[in-house]
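Below is entry18.txt, holding compact mmCIF, C-alpha atoms.
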```txt
# COMPACT_ATOMS: atom_id res chain seq x y z
CA ASP A 23 47.87 173.29 216.35
CA GLY A 24 49.76 174.33 213.22
CA ILE A 25 51.96 176.74 215.20
CA ARG A 26 52.65 174.09 217.82
CA ASP A 27 53.48 171.37 215.30
CA ALA A 28 55.82 173.64 213.30
CA TRP A 29 57.63 174.67 216.49
CA LEU A 30 58.09 171.09 217.71
CA ARG A 31 59.38 169.98 214.29
CA SER A 32 61.89 172.87 214.30
CA VAL A 33 63.39 171.71 217.61
CA GLY A 34 63.20 167.98 216.83
CA VAL A 35 60.48 167.10 219.35
CA ASP A 36 57.75 164.54 218.70
CA ALA A 37 54.35 166.24 218.50
CA ALA A 38 52.95 163.64 220.90
CA GLY A 39 55.67 164.21 223.49
CA ALA A 40 56.20 166.76 226.22
CA LEU A 41 56.73 170.38 225.27
CA PRO A 42 60.32 171.70 225.47
CA PRO A 43 61.24 172.94 228.96
CA VAL A 44 62.73 176.27 230.00
CA PRO A 45 66.51 175.81 230.30
CA HIS A 46 68.07 176.42 233.71
CA TYR A 47 70.00 179.48 232.59
CA ILE A 48 69.80 183.15 233.61
CA HIS A 49 70.46 186.06 231.24
CA GLN A 50 70.93 189.73 232.05
CA THR A 51 72.21 192.62 229.95
CA TRP A 52 74.05 195.92 230.38
CA LYS A 53 76.05 198.21 228.10
CA ASP A 54 79.31 196.60 229.30
CA ALA A 55 80.45 193.96 231.79
CA PHE A 56 80.37 196.33 234.76
CA PRO A 57 76.85 197.36 235.87
CA PRO A 58 77.23 200.40 238.18
CA ARG A 59 77.01 199.52 241.85
CA GLU A 60 75.33 202.82 242.63
CA LEU A 61 72.35 201.68 240.53
CA PHE A 62 72.31 197.91 240.92
CA SER A 63 73.37 196.30 244.17
CA PRO A 64 75.77 193.38 243.54
CA ARG A 65 73.68 191.56 246.15
CA TRP A 66 70.76 191.46 243.73
CA ARG A 67 72.66 189.71 240.95
CA ALA A 68 74.27 187.32 243.43
CA SER A 69 70.83 186.43 244.79
CA LEU A 70 69.70 185.10 241.40
CA GLN A 71 72.61 182.66 241.29
CA ARG A 72 72.50 181.78 244.99
CA SER A 73 68.76 180.98 244.82
CA ASN A 74 69.25 178.81 241.74
CA PRO A 75 72.36 176.65 242.32
CA GLY A 76 73.54 174.79 239.26
CA TRP A 77 71.95 177.23 236.81
CA GLY A 78 74.08 178.86 234.16
CA TYR A 79 74.51 182.64 234.05
CA ARG A 80 75.50 185.22 231.45
CA LEU A 81 75.65 189.01 231.50
CA TRP A 82 75.32 190.21 227.89
CA THR A 83 76.91 193.46 226.74
CA ASP A 84 75.59 195.86 224.11
CA ALA A 85 78.30 194.68 221.70
CA GLU A 86 77.31 191.03 222.17
CA ASN A 87 73.63 191.88 221.74
CA LEU A 88 74.37 193.68 218.48
CA GLN A 89 76.40 190.73 217.21
CA LEU A 90 73.56 188.33 218.06
CA VAL A 91 71.00 190.42 216.19
CA ARG A 92 73.22 190.95 213.15
CA SER A 93 74.23 187.29 212.88
CA LYS A 94 71.00 185.49 213.80
CA TYR A 95 68.22 188.03 213.14
CA PRO A 96 69.27 190.12 210.12
CA GLU A 97 65.61 190.92 209.42
CA LEU A 98 65.59 192.89 212.69
CA ALA A 99 68.99 194.54 212.33
CA ALA A 100 67.94 197.77 210.60
CA ALA A 101 65.16 198.43 213.10
CA TYR A 102 67.41 197.45 216.00
CA GLU A 103 70.25 199.76 214.98
CA GLY A 104 67.79 202.52 214.17
CA TYR A 105 66.23 202.71 217.63
CA PRO A 106 66.93 206.15 219.13
CA SER A 107 67.44 204.89 222.70
CA PRO A 108 69.56 202.17 224.32
CA ILE A 109 66.58 200.78 226.25
CA GLN A 110 64.77 199.93 223.01
CA ARG A 111 67.77 197.92 221.85
CA ALA A 112 68.01 196.25 225.27
CA ASP A 113 64.33 195.30 225.04
CA ALA A 114 64.67 193.79 221.57
CA ALA A 115 67.89 191.98 222.47
CA ARG A 116 66.32 190.16 225.42
CA TYR A 117 63.67 188.71 223.08
CA ALA A 118 66.36 187.56 220.63
CA ILE A 119 68.32 185.92 223.46
CA ALA A 120 65.20 184.12 224.68
CA HIS A 121 64.40 182.85 221.19
CA GLN A 122 67.94 181.80 220.35
CA LEU A 123 69.02 180.16 223.61
CA GLY A 124 66.09 180.00 226.03
CA GLY A 125 66.40 180.47 229.76
CA PHE A 126 65.25 183.13 232.22
CA TYR A 127 65.78 186.83 231.56
CA PHE A 128 65.94 189.29 234.48
CA ASP A 129 66.40 193.04 234.61
CA LEU A 130 69.39 194.00 236.73
CA ASP A 131 67.19 195.42 239.48
CA TYR A 132 65.75 192.03 240.45
CA GLU A 133 66.43 190.20 243.69
CA CYS A 134 65.47 186.55 244.30
CA PHE A 135 64.87 184.63 247.51
CA ARG A 136 63.72 181.19 246.40
CA PRO A 137 64.36 178.80 243.46
CA LEU A 138 62.67 179.38 240.12
CA ALA A 139 62.39 175.70 239.19
CA PRO A 140 59.00 175.10 240.91
CA LEU A 141 57.50 177.78 238.67
CA LEU A 142 58.47 175.88 235.53
CA THR A 143 56.40 172.71 235.86
CA GLY A 144 54.70 172.03 232.54
CA ALA A 145 55.82 175.40 231.14
CA SER A 146 57.67 176.25 227.94
CA LEU A 147 57.27 179.99 228.39
CA VAL A 148 56.73 181.84 231.67
CA LEU A 149 55.50 185.43 231.89
CA SER A 150 54.81 187.43 235.02
CA TYR A 151 51.69 189.53 235.51
CA LYS A 152 52.44 192.95 236.98
CA SER A 153 49.83 194.84 238.97
CA GLY A 154 49.74 198.61 239.24
CA ALA A 155 48.10 201.77 237.99
CA ASN A 156 50.11 202.60 234.90
CA PHE A 157 50.82 201.62 231.29
CA SER A 158 52.99 198.65 232.27
CA LYS A 159 50.18 196.82 234.10
CA GLY A 160 49.89 193.33 232.64
CA ALA A 161 52.47 190.85 231.33
CA SER A 162 55.93 192.27 232.00
CA ASN A 163 59.15 192.14 230.01
CA SER A 164 61.39 192.76 233.05
CA VAL A 165 61.42 189.03 233.80
CA PHE A 166 60.39 185.96 231.78
CA GLY A 167 61.50 182.43 231.01
CA SER A 168 61.37 180.57 227.73
CA ALA A 169 62.31 177.43 225.88
CA ALA A 170 64.53 178.13 222.89
CA ARG A 171 62.68 178.81 219.62
CA HIS A 172 59.31 179.28 221.30
CA PRO A 173 56.87 180.56 218.63
CA LEU A 174 55.77 183.55 220.71
CA TRP A 175 59.05 185.27 219.88
CA GLN A 176 58.48 185.21 216.13
CA VAL A 177 55.22 187.04 216.76
CA VAL A 178 57.09 189.47 219.04
CA PHE A 179 59.57 190.14 216.23
CA ASP A 180 56.69 190.97 213.88
CA VAL A 181 55.27 193.43 216.43
CA LEU A 182 58.70 195.04 216.85
CA LEU A 183 58.92 195.62 213.10
CA ASN A 184 55.35 196.94 212.95
CA ARG A 185 56.15 199.49 215.69
CA SER A 186 59.76 200.30 214.81
CA ARG A 187 58.96 203.82 213.59
CA THR A 188 57.10 204.89 216.73
CA PRO A 189 58.24 208.47 217.55
CA LEU A 190 60.17 208.63 220.82
CA LEU A 191 57.99 211.25 222.52
CA GLY A 192 58.31 209.93 226.06
CA HIS A 193 58.69 206.80 228.14
CA THR A 194 55.31 205.37 227.09
CA ALA A 195 56.59 205.22 223.49
CA VAL A 196 59.26 202.77 224.68
CA LEU A 197 56.69 200.66 226.52
CA PHE A 198 54.60 200.55 223.32
CA SER A 199 57.33 200.04 220.71
CA THR A 200 59.64 197.52 222.40
CA GLY A 201 58.47 197.07 226.00
CA PRO A 202 55.76 195.07 227.75
CA ALA A 203 53.01 196.23 225.37
CA VAL A 204 54.79 194.24 222.65
CA LEU A 205 54.45 191.02 224.66
CA ARG A 206 50.76 191.67 225.24
CA GLU A 207 50.15 192.36 221.57
CA ALA A 208 51.97 189.17 220.62
CA LEU A 209 49.70 187.16 222.93
CA ARG A 210 46.66 188.83 221.34
CA ARG A 211 47.92 187.93 217.86
CA LEU A 212 48.52 184.32 218.85
CA LEU A 213 44.89 184.23 220.00
CA ARG A 214 43.74 186.11 216.87
CA LEU A 215 41.76 188.57 218.99
CA PRO A 216 39.94 191.49 217.37
CA PRO A 217 40.80 195.00 218.61
CA GLY A 218 39.35 195.78 222.02
CA GLN A 219 38.69 192.20 223.10
CA GLN A 220 40.27 191.32 226.44
CA ILE A 221 42.32 188.20 227.09
CA SER A 222 40.29 185.90 229.34
CA ALA A 223 41.30 183.15 231.75
CA ALA A 224 39.95 180.57 229.30
CA MET A 225 42.18 181.97 226.54
CA LEU A 226 45.22 181.77 228.80
CA ALA A 227 44.31 178.14 229.54
CA ARG A 228 44.29 177.45 225.78
CA LEU A 229 47.74 179.01 225.40
CA ARG A 230 49.05 176.90 228.26
CA GLU A 231 47.69 173.67 226.79
CA ALA A 232 48.82 174.32 223.24
CA LEU A 233 52.12 176.17 223.68
CA GLY A 234 53.04 175.84 227.34
CA ILE A 235 52.59 179.58 227.98
CA VAL A 236 52.09 180.29 231.69
CA VAL A 237 51.26 183.75 233.07
CA LEU A 238 52.20 183.80 236.75
CA ASP A 239 50.32 185.68 239.42
CA SER A 240 52.02 188.96 240.33
CA SER A 241 52.61 187.79 243.92
CA LEU A 242 55.43 185.50 242.74
CA LEU A 243 57.77 187.69 240.66
CA HIS A 244 56.12 191.12 240.98
CA PRO A 245 54.98 191.16 244.61
CA LEU A 246 55.18 194.96 244.79
CA THR A 247 54.19 197.73 242.42
CA ALA A 248 56.45 200.72 241.84
CA GLU A 249 54.03 202.73 243.98
CA GLN A 250 54.50 200.32 246.92
CA ARG A 251 58.30 200.07 246.93
CA ASP A 252 58.91 202.87 249.44
CA LEU A 253 56.34 201.33 251.79
CA ALA A 254 58.15 198.00 251.54
CA LYS A 255 61.46 199.66 252.43
CA LEU A 256 59.82 201.25 255.42
CA HIS A 257 58.31 198.03 256.78
CA GLY A 258 60.69 195.47 255.27
CA GLU A 259 57.86 193.17 254.28
CA LEU A 260 57.06 191.14 251.17
CA PRO A 261 54.25 188.63 250.59
CA ALA A 262 55.14 185.14 251.80
CA SER A 263 54.65 183.82 248.26
CA ALA A 264 57.34 186.08 246.74
CA VAL A 265 60.06 184.23 244.82
CA CYS A 266 61.73 187.42 243.58
CA THR A 267 61.09 191.15 243.73
CA HIS A 268 61.64 194.08 241.38
CA HIS A 269 63.38 197.19 242.72
CA PHE A 270 62.21 199.48 239.85
CA VAL A 271 65.46 201.36 239.23
CA SER A 272 64.33 202.40 235.70
CA SER A 273 67.75 203.75 234.74
CA TRP A 274 66.51 204.38 231.19
CA VAL A 275 64.08 207.10 232.28
CA ALA A 276 65.09 210.70 233.03
CA HIS A 277 63.12 210.92 236.25
CA ASN A 278 61.42 214.24 237.00
CA SER A 279 60.28 214.79 240.58
CA ALA A 280 57.74 217.44 239.59
CA GLN A 281 56.13 215.13 237.04
CA HIS A 282 56.09 212.24 239.52
CA ALA A 283 54.44 214.45 242.15
CA ASP A 284 51.84 215.66 239.65
CA THR A 285 51.06 212.08 238.62
CA GLU A 286 50.59 211.07 242.26
CA ARG A 287 48.31 214.05 242.85
CA ARG A 288 46.12 213.12 239.88
CA ARG A 289 45.98 209.48 241.02
CA ARG A 290 44.73 210.59 244.44
CA GLU A 291 42.08 212.67 242.70
CA GLY A 292 40.79 209.57 240.94
CA HIS A 293 42.54 209.72 237.55
CA ARG A 294 43.18 206.02 236.97
CA ASN A 295 45.29 206.65 233.85
CA ALA A 296 47.32 209.48 235.33
CA ALA A 297 50.64 207.83 234.45
CA VAL A 298 49.90 207.80 230.72
CA GLU A 299 48.05 211.09 230.35
CA GLY A 300 49.90 214.08 228.95
CA ALA A 301 53.63 214.17 228.19
CA GLY A 302 55.58 211.12 229.33
CA LEU A 303 58.90 211.19 231.13
CA SER A 304 61.92 211.78 228.93
CA VAL A 305 63.91 208.76 227.78
CA ARG A 306 67.69 208.66 228.08
CA GLN A 307 69.19 208.53 224.60
CA ASP A 308 72.66 207.89 225.96
CA ASN A 309 73.91 206.20 229.10
CA ALA A 310 75.88 208.24 231.62
CA TRP A 311 77.08 205.06 233.33
```

Write out the structure in this file as structure tokens.
Amino acid sequence: DGIRDAWLRSVGVDAAGALPPVPHYIHQTWKDAFPPRELFSPRWRASLQRSNPGWGYRLWTDAENLQLVRSKYPELAAAYEGYPSPIQRADAARYAIAHQLGGFYFDLDYECFRPLAPLLTGASLVLSYKSGANFSKGASNSVFGSAARHPLWQVVFDVLLNRSRTPLLGHTAVLFSTGPAVLREALRRLLRLPPGQQISAAMLARLREALGIVVLDSSLLHPLTAEQRDLAKLHGELPASAVCTHHFVSSWVAHNSAQHADTERRRREGHRNAAVEGAGLSVRQDNAW
């Protein structure tokens, strides 16, 4: 209750009134104003705006992200500028944008088919569950919506600072230090969970009632896993409930076909954690595009 009351006071909302809504605004980010067509189909970005008429839109550049962090989040600036890879800065910047302005963030490899507004009823913060067999299973940071100044983001900033010195030994270090694992840890801290305790449906219900946090079923915004994407291309099918889909470009990873093949082999042999065992994929520390 204390977190909720402090948040509502900070945005000038009566504690007895409705929680702040998610603004009808879409944010994306790239190093400059020209995402490469060979990676991200212009059709995908257009679909977000076409499916949500009347919503605002902004593509943030690396320079604008840096200015936002330096001007509004100086406590994060040293960690932000010290990250060894562009994807870590892109991760942290999306959280700062969500806190500062609110709206919906999407990775550039998202395509939408239906309006987002029906997902926002009674919500001040919307996360998407992602199914799969790897480290990123759970709440995802590739898409989310938020009211401005939502208290989850202050907890996220604390986790970022706690993990800012994580050695960049592979792609799982990014997921842990700035990626989806940061969101999950922030939820755990809001719930004051001891290490090892799982988040239950009842706990998620408490977060929804107190802070308007909604975790959507994967069928809505993550209808396919990365492992299923080739099958979807082959058959051209998505679940009827899908509002958007993720194309899993992962431009920040230096993909290695031999490592991917070895991971698939170990999955077929029954190794459930094959994707996070051993050395991770290399992370791009510059951007060829």

Residue nearest A:Pro58 - candidates A:Leu130, A:Leu149, A:Leu190, A:Ala40, atoms counted: only C-alpha atoms: A:Leu130

For atom CA of A:Leu147 and atom CA of A:Ala264, the interatomic separation in Å (one decimal):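 Result for atom CA of A:Leu147 versus atom CA of A:Ala264: 19.3 Å, one decimal.
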
Neighbour residues at most 7 Å from (54.8, 179.2, 227.5) (only C-alpha atoms) as a ChimeraX atom specification: /A:145-148,168,230,233-236

For A:Ala85: contacts at 9 Å, only C-alpha atoms, fewer than 4 positions along chain excluded, given as a PyMOL selection string: chain A and resi 53-54+89-90

Keeping only C-alpha atoms, take the residues you just selected and write them out as an mmCIF file, keeping the file's coordinate frame.
```cif
data_model
loop_
_atom_site.group_PDB
_atom_site.id
_atom_site.type_symbol
_atom_site.label_atom_id
_atom_site.label_comp_id
_atom_site.auth_asym_id
_atom_site.auth_seq_id
_atom_site.Cartn_x
_atom_site.Cartn_y
_atom_site.Cartn_z
ATOM 1 C CA LYS A 53 76.050 198.210 228.100
ATOM 2 C CA ASP A 54 79.310 196.600 229.300
ATOM 3 C CA GLN A 89 76.400 190.730 217.210
ATOM 4 C CA LEU A 90 73.560 188.330 218.060
#
```

Pairwise distance for atom CA of A:Leu142 and atom CA of A:Ser263, rounded to one decimal in Å: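 The value is 15.5 Å.
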
Nearest candidate to A:Leu191 (options A:Arg116, A:Val305, A:Trp175, A:Ala68; using only C-alpha atoms):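 Under the stated criterion, the closest residue is A:Val305.
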
Residue nearest A:Phe198 among A:Phe126, A:Asp113, A:Ala262, A:Pro173 (counting only C-alpha atoms):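 Checking each of A:Phe126, A:Asp113, A:Ala262, A:Pro173 against A:Phe198, counting only C-alpha atoms, the winner is A:Asp113.
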
Separation of atom CA of A:Ser273 from atom CA of A:Asp84 in Å: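 About the pair atom CA of A:Asp84 and atom CA of A:Ser273: they are 15.4 Å apart.
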
Sphere at (64.3, 184.1, 245.7), radius 6 Å, counting all atoms listed in the file: residues as a PyMOL selection string: chain A and resi 73+134-137+265-266

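Considering only C-alpha atoms, the residue among A:Leu212, A:Ala101, A:Ala223, A:Leu238 positioned nearest to A:Ile25 is A:Leu212.
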
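Distances from A:Ala99, A:Ala120, A:Val177, A:Leu242 to A:Leu213 were compared using all atoms listed in the file, and the smallest one belongs to A:Val177.
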
Nearest to A:Glu231 by atom-to-atom distance, counting all atoms listed in the file, from A:Ala169, A:Ala195, A:Gly144, A:Leu70: A:Gly144

Long-range neighbours of A:Ala28 as a list in words, 12 Å cut-off, all atoms listed in the file, 3 positions minimum in chain: Asp23, Gly24, Ile25, Arg31, Ser32, Val33, Gly34, Val35, Asp36, Ala37, Arg171, His172, Pro173 and Leu233 of chain A

For the selection just defined, write its residues with C-alpha atoms to a file, as a short mmCIF file (atom, residue, chain, number, x, y, z; two decimals), in the coordinates of the input.
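That gives us selection23.cif:
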```
data_model
loop_
_atom_site.label_atom_id
_atom_site.label_comp_id
_atom_site.auth_asym_id
_atom_site.auth_seq_id
_atom_site.Cartn_x
_atom_site.Cartn_y
_atom_site.Cartn_z
CA ASP A 23 47.87 173.29 216.35
CA GLY A 24 49.76 174.33 213.22
CA ILE A 25 51.96 176.74 215.20
CA ARG A 31 59.38 169.98 214.29
CA SER A 32 61.89 172.87 214.30
CA VAL A 33 63.39 171.71 217.61
CA GLY A 34 63.20 167.98 216.83
CA VAL A 35 60.48 167.10 219.35
CA ASP A 36 57.75 164.54 218.70
CA ALA A 37 54.35 166.24 218.50
CA ARG A 171 62.68 178.81 219.62
CA HIS A 172 59.31 179.28 221.30
CA PRO A 173 56.87 180.56 218.63
CA LEU A 233 52.12 176.17 223.68
#
```

Which centre and which edge lengths, in Å to one decimal, describe the axis-aligned box that holds all listed atoms of stretch 189-203 of chain A after 6 Å is added on each side, as JSON?
```
{"center_x": 56.6, "center_y": 203.2, "center_z": 222.8, "size_x": 19.2, "size_y": 28.2, "size_z": 22.6}
```

Residue contacts of A:Phe128 (12 Å, only C-alpha atoms) excluding same-chain residues fewer than 5 positions away, as a VMD selection string: chain A and resid 47 to 52 66 to 67 69 to 71 79 to 82 112 to 113 116 to 117 119 to 120 133 to 134 138 149 to 150 162 to 168 243 to 244 266 to 269
